[in-house]
Amino acid sequence: MRHRISVLGAGYAGACAAGYLARHLHPDDFEITVVNAEPDFVERMRLHQLAAGQELRRIGLAEMFAGTGIRLRLARVTAVDAGQRTVTVTGGEGSDRIEYDSLLYTLGSTVGDHGVPGVDEYAFHVTGRPAALRLRLRLDELGEDGTVLVVGGNLTAIEAATEIAESRPGLRVTLATSGELGGWLAPRSRRHLLRAFDRFGIAVHEHTTIARVEKAGAVAADGTAYASDVTVWAAGFAVHPIAAASGLGVEDDGRITVDRMMRSVSHPEVYAAGDSAYAIGGNGRPLPMSCASAGFTRIQATAAIIGDLTGHRISKTPLAYLGNCISLGGKDAIFQVVDGDARSRSWSLRGRPAARFKAFVLSGAAWSMSHPTYGLPTRKRRLTTAPHRLVQAVAG
């Protein structure tokens, strides 16, 4: 019987991990199943563009995985039972349970409402394709006359506000943030950011905590009301509650607690990568939820899976956060380099060069996803009689 590996989620971490595993593990010994709710790979870092009105290229998962031996199951994960090693899914074929021997959990994150009333009922967000299309439809309804309030002050909020302002110049865009807009950036980068907001005519309300979202706007903690036809909530992410209910060891925020190899500390046959993993970086701090973290944790998780199951030495991937790449519309951006403690360095790339750099990164990521068999090894690794890491875990 082949060793069953299930990969939950086909985002930046999951899709690439599945392809890498298929390239390196022998199909006679391993069966790889990817579970994803949507039929396409979604370029999450471009969803603010989709919401603003741009079309994104379609990258179908079935086409991506054709010829790899990967089984694609289009369904929504509704539960994981770590004790029984099963995943419950719901899709066009109804509800079903998938059994696994090893699990890679990469379900990512969604919008975090932080308990603010009205977010679920009235706010829009861009953390998923359906949500971005819903926002796009609402913006289309406004036409060239309306007010958009973006709540948040980090990368997603900045990118959403500038993209909407550039793509729909007739709309009045406002941003409210609880802190200082771009306060973490180096001085030259922050000045560049503020000039971009001035150029787009985006009004900024700093040190403004939104306490309630309503149908026609939002109300701050000090009682100030901000009228808007559309409120875009971009004030942080939250992981799906599935992991916390699964029996896996998780942190207070619901992320799966993992060791240096991305193994669950409570269930070593479960690995996590991307936003779902609570991984400690080389600086001793948890890696932030980001595409960059997804890349490093995915590389480490796949190395660990292959090493644990085939007996090969597991290489350590540096777990670092190198910088912030922020789009400011289609032709402007900032790439802010950070130090080992995630503090901004004085150097940054700004303007069109930074925009071209980010476009190159996004295109490269999409190409890698759509070519999962690139660099296919001529010799694939076989399953050991008793995967050494699991034997050690039982013995310990």
# chains A, B, ... in the order shown; residues from 1 in each chain; ligands from 1
>>> residues_around(residues="stretch 129-140 of chain A", least_positions_apart="2", cutoff="8 Å", atoms="only C-alpha atoms", output="list in words")
Val42, Arg44, Leu47, His48, Leu50, Ala51, Ala52, Gly53, Phe124, His125, Val126, Thr127, Leu142, Gly143 and Val230 of chain A
>>> select_by_dssp(residues="stretch 26-199 of chain A", states="alpha helix (DSSP H)", output="compact mmCIF listing (two decimals) with N, CA and C atoms, in the first residue's frame")
# COMPACT_ATOMS: atom_id res chain seq x y z
N LEU A 47 -4.87 40.03 -5.76
CA LEU A 47 -6.31 40.13 -5.61
C LEU A 47 -6.80 41.58 -5.48
N HIS A 48 -5.94 42.48 -5.00
CA HIS A 48 -6.35 43.88 -4.98
C HIS A 48 -6.50 44.42 -6.40
N GLN A 49 -5.72 43.87 -7.33
CA GLN A 49 -5.86 44.26 -8.74
C GLN A 49 -7.18 43.73 -9.30
N LEU A 50 -7.51 42.49 -8.97
CA LEU A 50 -8.78 41.92 -9.43
C LEU A 50 -9.95 42.73 -8.89
N ALA A 51 -9.90 43.10 -7.62
CA ALA A 51 -10.98 43.87 -7.03
C ALA A 51 -11.13 45.24 -7.69
N ALA A 52 -10.01 45.82 -8.10
CA ALA A 52 -10.05 47.15 -8.70
C ALA A 52 -10.56 47.13 -10.13
N LEU A 61 -5.73 24.29 -11.80
CA LEU A 61 -4.99 23.28 -11.04
C LEU A 61 -4.95 21.94 -11.77
N ALA A 62 -6.04 21.58 -12.44
CA ALA A 62 -6.05 20.31 -13.17
C ALA A 62 -4.99 20.30 -14.26
N GLU A 63 -4.86 21.42 -14.96
CA GLU A 63 -3.83 21.53 -15.99
C GLU A 63 -2.44 21.56 -15.36
N MET A 64 -2.30 22.26 -14.24
CA MET A 64 -1.02 22.33 -13.56
C MET A 64 -0.50 20.95 -13.17
N PHE A 65 -1.40 20.13 -12.61
CA PHE A 65 -0.98 18.84 -12.06
C PHE A 65 -1.08 17.69 -13.06
N VAL A 119 -18.24 43.96 10.66
CA VAL A 119 -17.28 43.62 9.61
C VAL A 119 -17.85 42.53 8.71
N ASP A 120 -18.35 41.46 9.32
CA ASP A 120 -18.89 40.35 8.53
C ASP A 120 -20.10 40.78 7.71
N GLU A 121 -20.94 41.64 8.28
CA GLU A 121 -22.19 42.02 7.60
C GLU A 121 -21.98 43.05 6.51
N TYR A 122 -21.11 44.02 6.71
CA TYR A 122 -21.08 45.18 5.82
C TYR A 122 -19.76 45.41 5.10
N ARG A 129 -10.46 35.03 -3.76
CA ARG A 129 -11.00 35.42 -5.06
C ARG A 129 -12.49 35.76 -5.01
N PRO A 130 -13.36 34.95 -4.38
CA PRO A 130 -14.78 35.32 -4.33
C PRO A 130 -15.00 36.67 -3.65
N ALA A 131 -14.23 36.94 -2.58
CA ALA A 131 -14.37 38.21 -1.88
C ALA A 131 -13.93 39.38 -2.75
N ALA A 132 -12.83 39.20 -3.49
CA ALA A 132 -12.34 40.26 -4.37
C ALA A 132 -13.34 40.54 -5.49
N LEU A 133 -13.95 39.50 -6.02
CA LEU A 133 -14.95 39.69 -7.08
C LEU A 133 -16.21 40.36 -6.54
N ARG A 134 -16.56 40.06 -5.30
CA ARG A 134 -17.70 40.73 -4.67
C ARG A 134 -17.44 42.22 -4.53
N LEU A 135 -16.22 42.58 -4.11
CA LEU A 135 -15.85 43.99 -4.00
C LEU A 135 -15.85 44.64 -5.37
N ARG A 136 -15.33 43.95 -6.35
CA ARG A 136 -15.29 44.50 -7.71
C ARG A 136 -16.70 44.82 -8.22
N LEU A 137 -17.63 43.90 -7.99
CA LEU A 137 -19.01 44.13 -8.43
C LEU A 137 -19.60 45.36 -7.75
N ARG A 138 -19.33 45.52 -6.48
CA ARG A 138 -19.85 46.69 -5.75
C ARG A 138 -19.23 47.97 -6.28
N LEU A 139 -17.93 47.96 -6.58
CA LEU A 139 -17.29 49.14 -7.15
C LEU A 139 -17.87 49.46 -8.53
N ASP A 140 -18.18 48.42 -9.31
CA ASP A 140 -18.81 48.64 -10.61
C ASP A 140 -20.16 49.33 -10.46
N GLU A 141 -20.88 48.96 -9.43
CA GLU A 141 -22.19 49.58 -9.18
C GLU A 141 -22.07 51.06 -8.86
N LEU A 142 -20.96 51.43 -8.21
CA LEU A 142 -20.76 52.84 -7.88
C LEU A 142 -20.44 53.68 -9.12
N LEU A 155 0.38 46.33 4.47
CA LEU A 155 0.56 46.16 3.03
C LEU A 155 -0.75 46.00 2.27
N THR A 156 -1.64 45.14 2.74
CA THR A 156 -2.88 44.89 2.02
C THR A 156 -3.71 46.16 1.91
N ALA A 157 -3.80 46.91 2.99
CA ALA A 157 -4.58 48.15 2.99
C ALA A 157 -3.98 49.17 2.03
N ILE A 158 -2.67 49.32 2.07
CA ILE A 158 -2.00 50.28 1.19
C ILE A 158 -2.21 49.91 -0.27
N GLU A 159 -2.02 48.63 -0.59
CA GLU A 159 -2.16 48.20 -1.98
C GLU A 159 -3.59 48.31 -2.47
N ALA A 160 -4.55 47.97 -1.62
CA ALA A 160 -5.96 48.08 -2.02
C ALA A 160 -6.34 49.54 -2.26
N ALA A 161 -5.94 50.42 -1.36
CA ALA A 161 -6.31 51.83 -1.49
C ALA A 161 -5.71 52.45 -2.75
N THR A 162 -4.43 52.22 -3.00
CA THR A 162 -3.79 52.84 -4.16
C THR A 162 -4.27 52.25 -5.47
N GLU A 163 -4.52 50.93 -5.49
CA GLU A 163 -4.99 50.29 -6.73
C GLU A 163 -6.39 50.78 -7.10
N ILE A 164 -7.26 50.88 -6.10
CA ILE A 164 -8.62 51.37 -6.37
C ILE A 164 -8.57 52.82 -6.81
N ALA A 165 -7.76 53.62 -6.14
CA ALA A 165 -7.68 55.04 -6.49
C ALA A 165 -7.15 55.24 -7.90
N GLU A 166 -6.15 54.43 -8.31
CA GLU A 166 -5.59 54.56 -9.65
C GLU A 166 -6.54 54.03 -10.71
N SER A 167 -7.16 52.88 -10.46
CA SER A 167 -8.01 52.25 -11.46
C SER A 167 -9.36 52.93 -11.60
N PRO A 187 12.74 56.43 6.48
CA PRO A 187 12.23 57.78 6.16
C PRO A 187 12.01 58.04 4.68
N ARG A 188 12.97 57.67 3.81
CA ARG A 188 12.79 57.93 2.38
C ARG A 188 11.63 57.12 1.80
N SER A 189 11.48 55.90 2.28
CA SER A 189 10.38 55.06 1.80
C SER A 189 9.04 55.64 2.25
N ARG A 190 8.98 56.10 3.47
CA ARG A 190 7.71 56.64 3.96
C ARG A 190 7.35 57.92 3.20
N ARG A 191 8.34 58.74 2.92
CA ARG A 191 8.05 59.95 2.14
C ARG A 191 7.53 59.58 0.76
N HIS A 192 8.11 58.56 0.17
CA HIS A 192 7.64 58.11 -1.15
C HIS A 192 6.20 57.62 -1.06
N LEU A 193 5.89 56.88 0.00
CA LEU A 193 4.53 56.38 0.20
C LEU A 193 3.53 57.53 0.34
N LEU A 194 3.86 58.51 1.15
CA LEU A 194 2.94 59.62 1.37
C LEU A 194 2.75 60.45 0.10
N ARG A 195 3.81 60.59 -0.69
CA ARG A 195 3.68 61.31 -1.97
C ARG A 195 2.72 60.57 -2.91
N ALA A 196 2.80 59.23 -2.88
CA ALA A 196 1.89 58.45 -3.72
C ALA A 196 0.45 58.65 -3.27
N PHE A 197 0.21 58.67 -1.99
CA PHE A 197 -1.15 58.90 -1.49
C PHE A 197 -1.64 60.29 -1.88
N ASP A 198 -0.76 61.28 -1.81
CA ASP A 198 -1.13 62.63 -2.23
C ASP A 198 -1.43 62.66 -3.73
N ARG A 199 -0.64 61.96 -4.51
CA ARG A 199 -0.84 61.94 -5.95
C ARG A 199 -2.19 61.34 -6.32
>>> select_by_dssp(residues="stretch 51-243 of chain A", states="strand (DSSP E)", output="VMD selection string")
chain A and resid 71 to 81 86 to 91 94 to 99 102 to 105 109 to 111 147 to 151 172 to 176 203 to 205 210 to 214 217 to 220 225 to 227 230 to 233 237 to 239
>>> closest_residue(among="A:Ser348, A:Leu56, A:Gln300, A:Ile305", to="A:Leu322", atoms="only C-alpha atoms")
A:Ser348
>>> residues_around(residues="A:Leu319", least_positions_apart="4", cutoff="9 Å", atoms="only C-alpha atoms", output="PDB file with N, CA and C atoms, in the first residue's frame")
ATOM      1  N   ALA A 279       5.781  29.482  13.007  1.00  0.00           N
ATOM      2  CA  ALA A 279       7.187  29.099  12.879  1.00  0.00           C
ATOM      3  C   ALA A 279       8.082  30.208  13.420  1.00  0.00           C
ATOM      4  N   ILE A 280       9.101  29.840  14.141  1.00  0.00           N
ATOM      5  CA  ILE A 280      10.032  30.813  14.704  1.00  0.00           C
ATOM      6  C   ILE A 280      11.168  31.034  13.711  1.00  0.00           C
ATOM      7  N   GLY A 281      11.386  32.271  13.336  1.00  0.00           N
ATOM      8  CA  GLY A 281      12.424  32.620  12.392  1.00  0.00           C
ATOM      9  C   GLY A 281      13.804  32.612  13.015  1.00  0.00           C
ATOM     10  N   GLY A 282      14.790  32.884  12.188  1.00  0.00           N
ATOM     11  CA  GLY A 282      16.167  32.899  12.656  1.00  0.00           C
ATOM     12  C   GLY A 282      16.443  33.975  13.687  1.00  0.00           C
ATOM     13  N   ASN A 283      15.580  34.998  13.750  1.00  0.00           N
ATOM     14  CA  ASN A 283      15.757  36.079  14.727  1.00  0.00           C
ATOM     15  C   ASN A 283      15.048  35.789  16.047  1.00  0.00           C
ATOM     16  N   LEU A 287       7.552  34.095  12.369  1.00  0.00           N
ATOM     17  CA  LEU A 287       7.499  34.636  11.013  1.00  0.00           C
ATOM     18  C   LEU A 287       6.130  35.261  10.778  1.00  0.00           C
ATOM     19  N   SER A 293       7.123  34.301   3.805  1.00  0.00           N
ATOM     20  CA  SER A 293       7.177  33.253   4.824  1.00  0.00           C
ATOM     21  C   SER A 293       6.653  31.938   4.275  1.00  0.00           C
ATOM     22  N   PHE A 296       9.585  30.143   2.437  1.00  0.00           N
ATOM     23  CA  PHE A 296      10.599  29.522   3.291  1.00  0.00           C
ATOM     24  C   PHE A 296      10.042  28.325   4.056  1.00  0.00           C
ATOM     25  N   THR A 297       8.846  28.460   4.623  1.00  0.00           N
ATOM     26  CA  THR A 297       8.272  27.356   5.394  1.00  0.00           C
ATOM     27  C   THR A 297       7.898  26.190   4.493  1.00  0.00           C
ATOM     28  N   GLN A 300      11.098  24.252   3.742  1.00  0.00           N
ATOM     29  CA  GLN A 300      11.517  23.453   4.890  1.00  0.00           C
ATOM     30  C   GLN A 300      10.593  22.265   5.110  1.00  0.00           C
TER      31      GLN A 300
END
>>> closest_residue(among="A:Ile70, A:Gly153, A:Thr384, A:Ala245", to="A:Thr208", atoms="only C-alpha atoms")
A:Gly153
>>> residues_around(residues="A:Ala17", least_positions_apart="4", cutoff="7 Å", atoms="only C-alpha atoms", output="list in words")
Ala13, Leu21, Arg298 and Thr302 of chain A
>>> closest_residue(among="A:Leu175, A:His207, A:Cys325, A:Val80", to="A:Phe360", atoms="only C-alpha atoms")
A:Cys325
>>> closest_residue(among="A:Asp81, A:Asp145, A:Asp275, A:Asp339", to="A:Tyr12", atoms="only C-alpha atoms")
A:Asp275
>>> atom_distance(atom1="atom CA of A:Gly307", atom2="atom CA of A:Pro27")
16.1 Å
>>> atom_distance(atom1="atom CA of A:Val361", atom2="atom CA of A:Val151")
26.7 Å
>>> atom_distance(atom1="atom CA of A:Ala22", atom2="atom CA of A:Tyr278")
25.3 Å
